[in-house]
Amino acid sequence: MKTTIGDLPATDLRFTVPSNLKHPLAGIDNSIRESVTNIVLKTKTINGRKTGFYEKVGCKGTKRTTRGTFTTEATASQPAQKFTATKQSKC
């Protein structure tokens, strides 16, 4: 699946929280309190110059847009909802 942010190619990290972690005991619901992603530095030498994969990919001017989207679990009384946070970071 191709992902874009601000019409630029992007990379995504997708995961699903298993049911035994969402509901460890009857009547107890957990939620994700923090999501941290570490991206390993990938480089390639092109024309004698070492270039980082994320060096300028996805930058628009001097800023890079990062985005996180989380989807709630659907319940009997409420459908699933999506929440998105977007941040501009320096390239």
# chains A, B, ... in the order shown; residues from 1 in each chain; ligands from 1
call {"tool": "residues_around", "arguments": {"residues": "Gly68 of chain A", "least_positions_apart": "2", "cutoff": "8 Å", "atoms": "only C-alpha atoms", "output": "MDAnalysis selection string"}}
result
chainID A and resid 66 70 84:86
call {"tool": "select_by_dssp", "arguments": {"residues": "chain A", "states": "strand (DSSP E or B)", "output": "ChimeraX atom specification"}}
result
/A:3-5,8-10,25,28,43-46,49-52,59-60,63-71,82-90
call {"tool": "select_by_dssp", "arguments": {"residues": "chain A", "states": "alpha helix (DSSP H)", "output": "list in words"}}
result
Ser19, Asn20, Leu21 and Lys22 of chain A
call {"tool": "write_last_selection", "arguments": {"atoms": "N, CA and C atoms", "output": "PDB file, in the first residue's frame"}}
result
ATOM      1  N   SER A  19      -5.955  -8.777  21.195  1.00  0.00           N
ATOM      2  CA  SER A  19      -7.097  -8.696  22.105  1.00  0.00           C
ATOM      3  C   SER A  19      -6.713  -8.972  23.559  1.00  0.00           C
ATOM      4  N   ASN A  20      -5.768  -9.902  23.791  1.00  0.00           N
ATOM      5  CA  ASN A  20      -5.393 -10.219  25.176  1.00  0.00           C
ATOM      6  C   ASN A  20      -4.678  -9.043  25.851  1.00  0.00           C
ATOM      7  N   LEU A  21      -4.140  -8.095  25.072  1.00  0.00           N
ATOM      8  CA  LEU A  21      -3.555  -6.889  25.663  1.00  0.00           C
ATOM      9  C   LEU A  21      -4.589  -5.770  25.793  1.00  0.00           C
ATOM     10  N   LYS A  22      -5.562  -5.739  24.860  1.00  0.00           N
ATOM     11  CA  LYS A  22      -6.620  -4.724  24.940  1.00  0.00           C
ATOM     12  C   LYS A  22      -7.534  -4.982  26.133  1.00  0.00           C
TER      13      LYS A  22
END
call {"tool": "atom_distance", "arguments": {"atom1": "atom CA of Thr51 of chain A", "atom2": "atom CA of Phe15 of chain A"}}
result
28.9 Å
call {"tool": "atom_distance", "arguments": {"atom1": "atom CA of Gln81 of chain A", "atom2": "atom CA of Pro9 of chain A"}}
result
25.1 Å
call {"tool": "atom_distance", "arguments": {"atom1": "atom CA of Ala10 of chain A", "atom2": "atom CA of Lys63 of chain A"}}
result
13.8 Å
call {"tool": "closest_residue", "arguments": {"among": "A:Ser31, A:Thr4, A:Thr11, A:Thr43", "to": "Thr72 of chain A", "atoms": "only C-alpha atoms"}}
result
A:Ser31
call {"tool": "closest_residue", "arguments": {"among": "A:Thr37, A:Thr16, A:Thr62, A:Thr45", "to": "Gln88 of chain A", "atoms": "only C-alpha atoms"}}
result
A:Thr62
call {"tool": "closest_residue", "arguments": {"among": "A:His23, A:Arg33, A:Arg67, A:Lys44", "to": "Thr3 of chain A", "atoms": "only C-alpha atoms"}}
result
A:Arg67
